[in-house]
Amino acid sequence: MVANDRLGNLPERLGPFAARLVDYWADLPKTGLVPARAAVDPTAIREILPNFLLWELNSGHDAKWRLVGSAMREWFGRELTGRDVLEIHDEAARTRAIAAGRAMAAQPCGSWGLMTLHSPQGYDFLAEVVALPLRDAAGRINLFANTMERVPDRAFFDTIAAVGARMVNFVEHRFIDIGAGLPIFPRRKE
């Protein structure tokens, strides 16, 4: 993977959607290490669009989905575009999600993680999540391009049983150094 040579703290292997997004993002023109949202051409990454998400961090605890791929709408059982990002997180996972989003905007970086999802039907599955920063039209770092893909931990995946899933917790999480270093992020007390 080409981007592994240019970005720090990425896992050695990424899923195909995460790898495609990371490589695409690494080649975008940047201002101060972060590309503009306007530089993203969806047709250049059409193969990952069903698993692509774009979210915007606003003031306070406000974060909204700006673009949500069809596979994500299926997993979460509804249209998410324009809705609160935290709606797909379990209540217990929300504080940490907010803190991670704020840290990524304050010290420009990306993130990678393995997230457990749980559906109302009792179905659990694991997803790989990558988020990379983008600048809005005013030049602020408050947009994030994401992919989310199921980790193939079992041969059979029941999309119907996964409908309405919620993000429960990160099994593993790390920030991705895009050249500005990594934020200090408090560790969970076990």
# chains A, B, ... in the order shown; residues from 1 in each chain; ligands from 1

call {"tool": "residues_around", "arguments": {"residues": "Val163 (chain A)", "least_positions_apart": "6", "cutoff": "10 Å", "atoms": "only C-alpha atoms", "output": "PyMOL selection string"}}
result
chain A and resi 72-78+118-121+123

call {"tool": "select_by_dssp", "arguments": {"residues": "chain A", "states": "helix (DSSP H, G or I)", "output": "MDAnalysis selection string"}}
result
chainID A and resid 2:5 16:27 37:39 42:51 70:76 85:88 91:106 159:162

call {"tool": "atom_distance", "arguments": {"atom1": "CA of Glu47 (chain A)", "atom2": "CA of Arg20 (chain A)"}}
result
8.9 Å

call {"tool": "closest_atom_pairs", "arguments": {"of": "region 17-42 of chain A", "to": "region 128-145 of chain A", "cutoff": "8 Å", "atoms": "only C-alpha atoms", "output": "JSON lines"}}
result
{"residue": "A:Ala18", "atom": "CA", "partner": "A:Val130", "partner_atom": "CA", "distance": 6.0}
{"residue": "A:Val22", "atom": "CA", "partner": "A:Leu132", "partner_atom": "CA", "distance": 7.8}
{"residue": "A:Trp25", "atom": "CA", "partner": "A:Leu132", "partner_atom": "CA", "distance": 7.6}
{"residue": "A:Val34", "atom": "CA", "partner": "A:Leu134", "partner_atom": "CA", "distance": 5.8}
{"residue": "A:Pro35", "atom": "CA", "partner": "A:Leu134", "partner_atom": "CA", "distance": 5.3}
{"residue": "A:Ala36", "atom": "CA", "partner": "A:Arg135", "partner_atom": "CA", "distance": 4.4}
{"residue": "A:Arg37", "atom": "CA", "partner": "A:Leu134", "partner_atom": "CA", "distance": 5.4}
{"residue": "A:Ala38", "atom": "CA", "partner": "A:Ala137", "partner_atom": "CA", "distance": 7.5}

call {"tool": "residues_around", "arguments": {"residues": "Gly15 (chain A)", "least_positions_apart": "2", "cutoff": "12 Å", "atoms": "only C-alpha atoms", "output": "list in words"}}
result
Met1, Leu10, Pro11, Glu12, Arg13, Phe17, Ala18, Ala19, Arg20, Leu21, Val22, Ile48, Asn51, Trp112, Gly113, Leu114, Ala127, Glu128, Val129, Val130, Thr147, Met148, Glu149, Arg150, Val151 and Pro152 of chain A

call {"tool": "select_by_dssp", "arguments": {"residues": "region 6-82 of chain A", "states": "strand (DSSP E or B)", "output": "number ranges by chain"}}
result
A: 8, 30-31, 34-36, 52-57, 63-68

call {"tool": "residues_around", "arguments": {"residues": "Met115 (chain A)", "least_positions_apart": "3", "cutoff": "8 Å", "atoms": "only C-alpha atoms", "output": "PyMOL selection string"}}
result
chain A and resi 126-129+167-172

call {"tool": "write_last_selection", "arguments": {"atoms": "N, CA, C and O atoms", "output": "compact mmCIF listing (two decimals), in the first residue's frame"}}
result
# COMPACT_ATOMS: atom_id res chain seq x y z
N LEU A 126 -18.02 -7.31 13.14
CA LEU A 126 -16.87 -6.43 13.29
C LEU A 126 -16.68 -5.64 12.00
O LEU A 126 -16.79 -6.19 10.91
N ALA A 127 -16.40 -4.34 12.15
CA ALA A 127 -16.18 -3.49 10.98
C ALA A 127 -14.86 -2.73 11.14
O ALA A 127 -14.52 -2.30 12.24
N GLU A 128 -14.16 -2.58 10.02
CA GLU A 128 -12.97 -1.75 9.99
C GLU A 128 -13.39 -0.35 9.56
O GLU A 128 -14.12 -0.19 8.58
N VAL A 129 -12.96 0.65 10.33
CA VAL A 129 -13.34 2.04 10.08
C VAL A 129 -12.09 2.88 9.89
O VAL A 129 -11.16 2.80 10.71
N MET A 167 -23.08 0.99 16.69
CA MET A 167 -21.68 0.85 17.03
C MET A 167 -21.58 0.73 18.56
O MET A 167 -22.05 1.61 19.27
N VAL A 168 -21.00 -0.36 19.02
CA VAL A 168 -20.95 -0.63 20.45
C VAL A 168 -19.64 -0.14 21.07
O VAL A 168 -19.65 0.57 22.06
N ASN A 169 -18.52 -0.55 20.50
CA ASN A 169 -17.23 -0.11 21.03
C ASN A 169 -16.11 -0.42 20.04
O ASN A 169 -16.29 -1.21 19.12
N PHE A 170 -14.98 0.22 20.26
CA PHE A 170 -13.80 -0.07 19.47
C PHE A 170 -13.04 -1.21 20.11
O PHE A 170 -12.73 -1.16 21.29
N VAL A 171 -12.77 -2.24 19.34
CA VAL A 171 -11.93 -3.35 19.77
C VAL A 171 -10.48 -2.88 19.73
O VAL A 171 -9.67 -3.20 20.59
N GLU A 172 -10.18 -2.09 18.72
CA GLU A 172 -8.86 -1.47 18.57
C GLU A 172 -9.06 -0.12 17.90
O GLU A 172 -9.90 0.03 17.02

call {"tool": "atom_distance", "arguments": {"atom1": "CA of Ile98 (chain A)", "atom2": "CA of Asn9 (chain A)"}}
result
21.1 Å

call {"tool": "closest_residue", "arguments": {"among": "A:Tyr24, A:Leu33, A:Pro42, A:Asn146", "to": "Ala180 (chain A)", "atoms": "only C-alpha atoms"}}
result
A:Leu33

call {"tool": "atom_distance", "arguments": {"atom1": "CA of Leu54 (chain A)", "atom2": "CA of Asp90 (chain A)"}}
result
19.8 Å

call {"tool": "residues_around", "arguments": {"residues": "Asn58 (chain A)", "least_positions_apart": "3", "cutoff": "10 Å", "atoms": "only C-alpha atoms", "output": "list in words"}}
result
Trp55, His61, Asp62, Ala63, Lys64, Arg102, Asn142 and Leu143 of chain A

call {"tool": "closest_residue", "arguments": {"among": "A:Val85, A:Cys109, A:Ala100, A:Val40", "to": "His173 (chain A)", "atoms": "only C-alpha atoms"}}
result
A:Ala100
